[in-house]
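J.: Input file: target33.tsv. Contents: TSV, N, CA and C atoms.
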chain	number	residue	atom	x	y	z
P	1	MET	N	11.83	-9.38	13.94
P	1	MET	CA	10.87	-8.35	13.66
P	1	MET	C	9.66	-8.57	14.57
P	2	GLU	N	8.90	-7.50	14.76
P	2	GLU	CA	7.76	-7.55	15.65
P	2	GLU	C	6.57	-6.84	15.02
P	3	ALA	N	5.36	-7.27	15.39
P	3	ALA	CA	4.16	-6.62	14.89
P	3	ALA	C	3.03	-6.79	15.89
P	4	TYR	N	2.09	-5.86	15.82
P	4	TYR	CA	0.85	-5.93	16.57
P	4	TYR	C	-0.25	-6.15	15.56
P	5	ILE	N	-1.09	-7.15	15.81
P	5	ILE	CA	-2.18	-7.47	14.89
P	5	ILE	C	-3.49	-7.25	15.65
P	6	PHE	N	-4.30	-6.37	15.11
P	6	PHE	CA	-5.58	-6.02	15.72
P	6	PHE	C	-6.68	-6.73	14.95
P	7	ALA	N	-7.73	-7.14	15.66
P	7	ALA	CA	-8.82	-7.86	15.00
P	7	ALA	C	-10.17	-7.40	15.52
P	8	ASN	N	-11.12	-7.36	14.62
P	8	ASN	CA	-12.52	-7.21	14.98
P	8	ASN	C	-13.13	-8.60	14.90
P	9	CYS	N	-13.93	-8.93	15.91
P	9	CYS	CA	-14.47	-10.28	16.04
P	9	CYS	C	-15.99	-10.23	16.13
P	10	GLU	N	-16.60	-11.36	15.81
P	10	GLU	CA	-18.04	-11.49	16.00
P	10	GLU	C	-18.36	-11.36	17.48
P	11	PRO	N	-19.54	-10.84	17.81
P	11	PRO	CA	-19.91	-10.67	19.22
P	11	PRO	C	-19.79	-11.97	20.01
P	12	ARG	N	-19.31	-11.83	21.24
P	12	ARG	CA	-19.18	-12.94	22.20
P	12	ARG	C	-18.18	-14.02	21.77
P	13	ARG	N	-17.33	-13.74	20.81
P	13	ARG	CA	-16.34	-14.75	20.35
P	13	ARG	C	-14.91	-14.36	20.71
P	14	VAL	N	-14.71	-13.15	21.22
P	14	VAL	CA	-13.36	-12.61	21.37
P	14	VAL	C	-12.48	-13.47	22.27
P	15	TRP	N	-13.01	-14.01	23.37
P	15	TRP	CA	-12.18	-14.81	24.28
P	15	TRP	C	-11.74	-16.11	23.61
P	16	GLN	N	-12.63	-16.73	22.89
P	16	GLN	CA	-12.31	-17.96	22.16
P	16	GLN	C	-11.28	-17.68	21.08
P	17	ILE	N	-11.44	-16.58	20.37
P	17	ILE	CA	-10.51	-16.22	19.31
P	17	ILE	C	-9.14	-15.91	19.89
P	18	ALA	N	-9.07	-15.14	20.97
P	18	ALA	CA	-7.78	-14.81	21.58
P	18	ALA	C	-7.04	-16.07	22.01
P	19	ALA	N	-7.77	-17.05	22.56
P	19	ALA	CA	-7.14	-18.31	22.97
P	19	ALA	C	-6.58	-19.05	21.76
P	20	ALA	N	-7.31	-19.06	20.65
P	20	ALA	CA	-6.83	-19.72	19.43
P	20	ALA	C	-5.64	-18.99	18.84
P	21	VAL	N	-5.65	-17.68	18.89
P	21	VAL	CA	-4.55	-16.89	18.34
P	21	VAL	C	-3.26	-17.16	19.11
P	22	ARG	N	-3.34	-17.33	20.42
P	22	ARG	CA	-2.14	-17.61	21.22
P	22	ARG	C	-1.46	-18.91	20.80
P	23	LYS	N	-2.17	-19.80	20.12
P	23	LYS	CA	-1.60	-21.07	19.67
P	23	LYS	C	-0.89	-20.97	18.33
P	24	ILE	N	-1.00	-19.83	17.65
P	24	ILE	CA	-0.35	-19.65	16.34
P	24	ILE	C	1.14	-19.43	16.55
P	25	GLU	N	1.95	-20.16	15.80
P	25	GLU	CA	3.40	-20.02	15.91
P	25	GLU	C	3.81	-18.58	15.62
P	26	GLY	N	4.59	-18.01	16.51
P	26	GLY	CA	5.06	-16.64	16.35
P	26	GLY	C	4.30	-15.65	17.21
P	27	VAL	N	3.09	-16.00	17.61
P	27	VAL	CA	2.29	-15.11	18.47
P	27	VAL	C	2.75	-15.31	19.91
P	28	LYS	N	3.12	-14.22	20.55
P	28	LYS	CA	3.61	-14.28	21.93
P	28	LYS	C	2.53	-13.92	22.94
P	29	MET	N	1.58	-13.04	22.54
P	29	MET	CA	0.49	-12.64	23.42
P	29	MET	C	-0.73	-12.31	22.58
P	30	ALA	N	-1.91	-12.51	23.15
P	30	ALA	CA	-3.16	-12.09	22.52
P	30	ALA	C	-4.14	-11.76	23.63
P	31	HIS	N	-4.77	-10.58	23.53
P	31	HIS	CA	-5.66	-10.11	24.58
P	31	HIS	C	-6.94	-9.53	23.98
P	32	ALA	N	-8.05	-9.73	24.67
P	32	ALA	CA	-9.27	-8.99	24.38
P	32	ALA	C	-9.03	-7.56	24.88
P	33	VAL	N	-9.46	-6.58	24.09
P	33	VAL	CA	-9.23	-5.18	24.46
P	33	VAL	C	-10.50	-4.36	24.23
P	34	THR	N	-10.51	-3.18	24.79
P	34	THR	CA	-11.60	-2.24	24.55
P	34	THR	C	-11.18	-1.27	23.46
P	35	GLY	N	-12.14	-0.60	22.87
P	35	GLY	CA	-11.83	0.41	21.87
P	35	GLY	C	-12.25	-0.02	20.47
P	36	GLN	N	-11.55	0.49	19.48
P	36	GLN	CA	-11.89	0.27	18.07
P	36	GLN	C	-11.81	-1.21	17.69
P	37	PHE	N	-10.90	-1.95	18.31
P	37	PHE	CA	-10.71	-3.37	18.00
P	37	PHE	C	-11.12	-4.21	19.19
P	38	ASP	N	-11.37	-5.48	18.95
P	38	ASP	CA	-11.78	-6.40	20.00
P	38	ASP	C	-10.63	-7.20	20.59
P	39	MET	N	-9.57	-7.39	19.79
P	39	MET	CA	-8.45	-8.21	20.21
P	39	MET	C	-7.16	-7.66	19.62
P	40	VAL	N	-6.08	-7.79	20.38
P	40	VAL	CA	-4.76	-7.43	19.87
P	40	VAL	C	-3.81	-8.57	20.17
P	41	ALA	N	-2.96	-8.88	19.19
P	41	ALA	CA	-1.94	-9.92	19.35
P	41	ALA	C	-0.57	-9.32	19.09
P	42	TYR	N	0.42	-9.80	19.80
P	42	TYR	CA	1.81	-9.41	19.58
P	42	TYR	C	2.53	-10.61	18.99
P	43	ALA	N	3.22	-10.39	17.87
P	43	ALA	CA	3.92	-11.48	17.19
P	43	ALA	C	5.37	-11.12	16.93
P	44	GLU	N	6.22	-12.13	16.97
P	44	GLU	CA	7.63	-12.00	16.57
P	44	GLU	C	7.86	-12.94	15.40
P	45	PHE	N	8.62	-12.49	14.41
P	45	PHE	CA	8.80	-13.26	13.18
P	45	PHE	C	10.13	-12.88	12.54
P	46	VAL	N	10.63	-13.74	11.65
P	46	VAL	CA	11.95	-13.53	11.06
P	46	VAL	C	11.90	-12.74	9.76
P	47	ASN	N	10.77	-12.81	9.05
P	47	ASN	CA	10.67	-12.08	7.78
P	47	ASN	C	9.20	-11.84	7.44
P	48	ILE	N	8.96	-11.08	6.40
P	48	ILE	CA	7.60	-10.71	6.02
P	48	ILE	C	6.77	-11.93	5.63
P	49	ASP	N	7.40	-12.94	5.03
P	49	ASP	CA	6.65	-14.16	4.69
P	49	ASP	C	6.11	-14.84	5.95
P	50	ALA	N	6.90	-14.85	7.01
P	50	ALA	CA	6.45	-15.45	8.27
P	50	ALA	C	5.29	-14.63	8.85
P	51	LEU	N	5.37	-13.30	8.75
P	51	LEU	CA	4.27	-12.46	9.20
P	51	LEU	C	3.02	-12.73	8.39
P	52	ARG	N	3.16	-12.89	7.09
P	52	ARG	CA	2.01	-13.18	6.23
P	52	ARG	C	1.33	-14.46	6.68
P	53	ARG	N	2.11	-15.48	7.02
P	53	ARG	CA	1.53	-16.75	7.47
P	53	ARG	C	0.75	-16.56	8.78
P	54	ILE	N	1.29	-15.76	9.69
P	54	ILE	CA	0.60	-15.50	10.95
P	54	ILE	C	-0.72	-14.78	10.68
P	55	ILE	N	-0.68	-13.75	9.84
P	55	ILE	CA	-1.89	-12.99	9.53
P	55	ILE	C	-2.92	-13.87	8.82
P	56	ASP	N	-2.47	-14.70	7.89
P	56	ASP	CA	-3.39	-15.60	7.19
P	56	ASP	C	-4.08	-16.56	8.15
P	57	ARG	N	-3.32	-17.14	9.07
P	57	ARG	CA	-3.92	-18.07	10.04
P	57	ARG	C	-4.89	-17.35	10.96
P	58	LEU	N	-4.48	-16.19	11.45
P	58	LEU	CA	-5.34	-15.43	12.35
P	58	LEU	C	-6.63	-15.03	11.63
P	59	GLY	N	-6.49	-14.51	10.43
P	59	GLY	CA	-7.66	-14.06	9.67
P	59	GLY	C	-8.60	-15.16	9.25
P	60	SER	N	-8.11	-16.39	9.22
P	60	SER	CA	-8.96	-17.51	8.81
P	60	SER	C	-9.72	-18.14	9.98
P	61	LEU	N	-9.45	-17.69	11.20
P	61	LEU	CA	-10.16	-18.24	12.35
P	61	LEU	C	-11.64	-17.85	12.29
P	62	GLU	N	-12.49	-18.80	12.62
P	62	GLU	CA	-13.92	-18.54	12.61
P	62	GLU	C	-14.25	-17.44	13.62
P	63	GLY	N	-14.96	-16.42	13.17
P	63	GLY	CA	-15.35	-15.32	14.02
P	63	GLY	C	-14.52	-14.07	13.84
P	64	VAL	N	-13.38	-14.18	13.16
P	64	VAL	CA	-12.57	-12.99	12.88
P	64	VAL	C	-13.17	-12.29	11.66
P	65	GLN	N	-13.53	-11.03	11.84
P	65	GLN	CA	-14.17	-10.29	10.75
P	65	GLN	C	-13.16	-9.52	9.90
P	66	ARG	N	-12.17	-8.90	10.55
P	66	ARG	CA	-11.13	-8.21	9.80
P	66	ARG	C	-9.94	-7.99	10.70
P	67	THR	N	-8.77	-7.77	10.09
P	67	THR	CA	-7.55	-7.52	10.86
P	67	THR	C	-6.86	-6.27	10.33
P	68	GLN	N	-6.02	-5.73	11.19
P	68	GLN	CA	-5.14	-4.62	10.81
P	68	GLN	C	-3.82	-4.86	11.51
P	69	THR	N	-2.72	-4.70	10.78
P	69	THR	CA	-1.41	-5.02	11.31
P	69	THR	C	-0.53	-3.79	11.37
P	70	ALA	N	0.19	-3.63	12.47
P	70	ALA	CA	1.16	-2.56	12.64
P	70	ALA	C	2.52	-3.21	12.90
P	71	VAL	N	3.44	-3.07	11.95
P	71	VAL	CA	4.79	-3.62	12.11
P	71	VAL	C	5.61	-2.61	12.90
P	72	ALA	N	6.27	-3.09	13.93
P	72	ALA	CA	7.10	-2.22	14.77
P	72	ALA	C	8.35	-1.80	14.00
P	73	ILE	N	8.67	-0.53	14.10
P	73	ILE	CA	9.87	0.01	13.44
P	73	ILE	C	10.99	0.00	14.47
P	74	PRO	N	12.11	-0.67	14.17
P	74	PRO	CA	13.21	-0.72	15.14
P	74	PRO	C	13.83	0.67	15.31
P	75	PRO	N	14.41	0.92	16.49
P	75	PRO	CA	15.04	2.23	16.72
P	75	PRO	C	16.22	2.44	15.78
P	76	ARG	N	16.45	3.70	15.46
P	76	ARG	CA	17.61	4.02	14.61
P	76	ARG	C	18.88	3.83	15.42
P	77	LEU	N	19.95	3.49	14.75
P	77	LEU	CA	21.22	3.26	15.43
P	77	LEU	C	21.68	4.48	16.21
P	78	GLU	N	21.43	5.68	15.70
P	78	GLU	CA	21.87	6.91	16.36
P	78	GLU	C	21.17	7.10	17.70
P	79	GLU	N	19.98	6.50	17.88
P	79	GLU	CA	19.21	6.69	19.10
P	79	GLU	C	19.57	5.69	20.17
P	80	GLN	N	20.38	4.70	19.88
P	80	GLN	CA	20.71	3.67	20.87
P	80	GLN	C	21.85	4.08	21.74
Can you give me the file's structure in the form of structure tokens?
T.:
Amino acid sequence: MEAYIFANCEPRRVWQIAAAVRKIEGVKMAHAVTGQFDMVAYAEFVNIDALRRIIDRLGSLEGVQRTQTAVAIPPRLEEQ
């Protein structure tokens, strides 16, 4: 399974937070971004419990104000 986790961060902390997020097991990429959110991370995981652990660790990092997660929906078999 895959998900994108968006985060709002305290000012001037986004680069430090993105570096810490990249160290979380299951996170494959984390980038500072422009727009509504300050950082986006891409994670791969085996089940929802594993995703919960990733979100909990990310959300507990100092400077993370809030997160929003979008779980990727796999393509339907008919579309492959």
J.: In Å, rounded to a single decimal, give me how far atom CA of Thr34 of chain P is from atom CA of Arg53 of chain P.
T.: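 Separation between atom CA of Arg53 of chain P and atom CA of Thr34 of chain P: 26.0 Å.
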J.: Show me, as an MDAnalysis selection string, the residues that have an atom within 5 Å of Ala43 of chain P when counting only N, CA and C atoms, minus same-chain residues fewer than 2 positions from it.
T.: chainID P and resid 2:3 26:28 41 45
J.: Considering only C-alpha atoms, return as a ChimeraX atom specification whatever protein or nucleic-acid residues lie within 12 Å of Glu25 of chain P, sequence-local ones (same chain, fewer than 3 positions apart) excluded.
T.: /P:20-22,28-29,41-46,50-58
J.: My list of candidates is P:Ile73, P:Leu61, P:Ala32, P:Met1. Which is closest to Trp15 of chain P when distances are computed with only C-alpha atoms?
T.: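 So, comparing all the options, the nearest one is P:Ala32.
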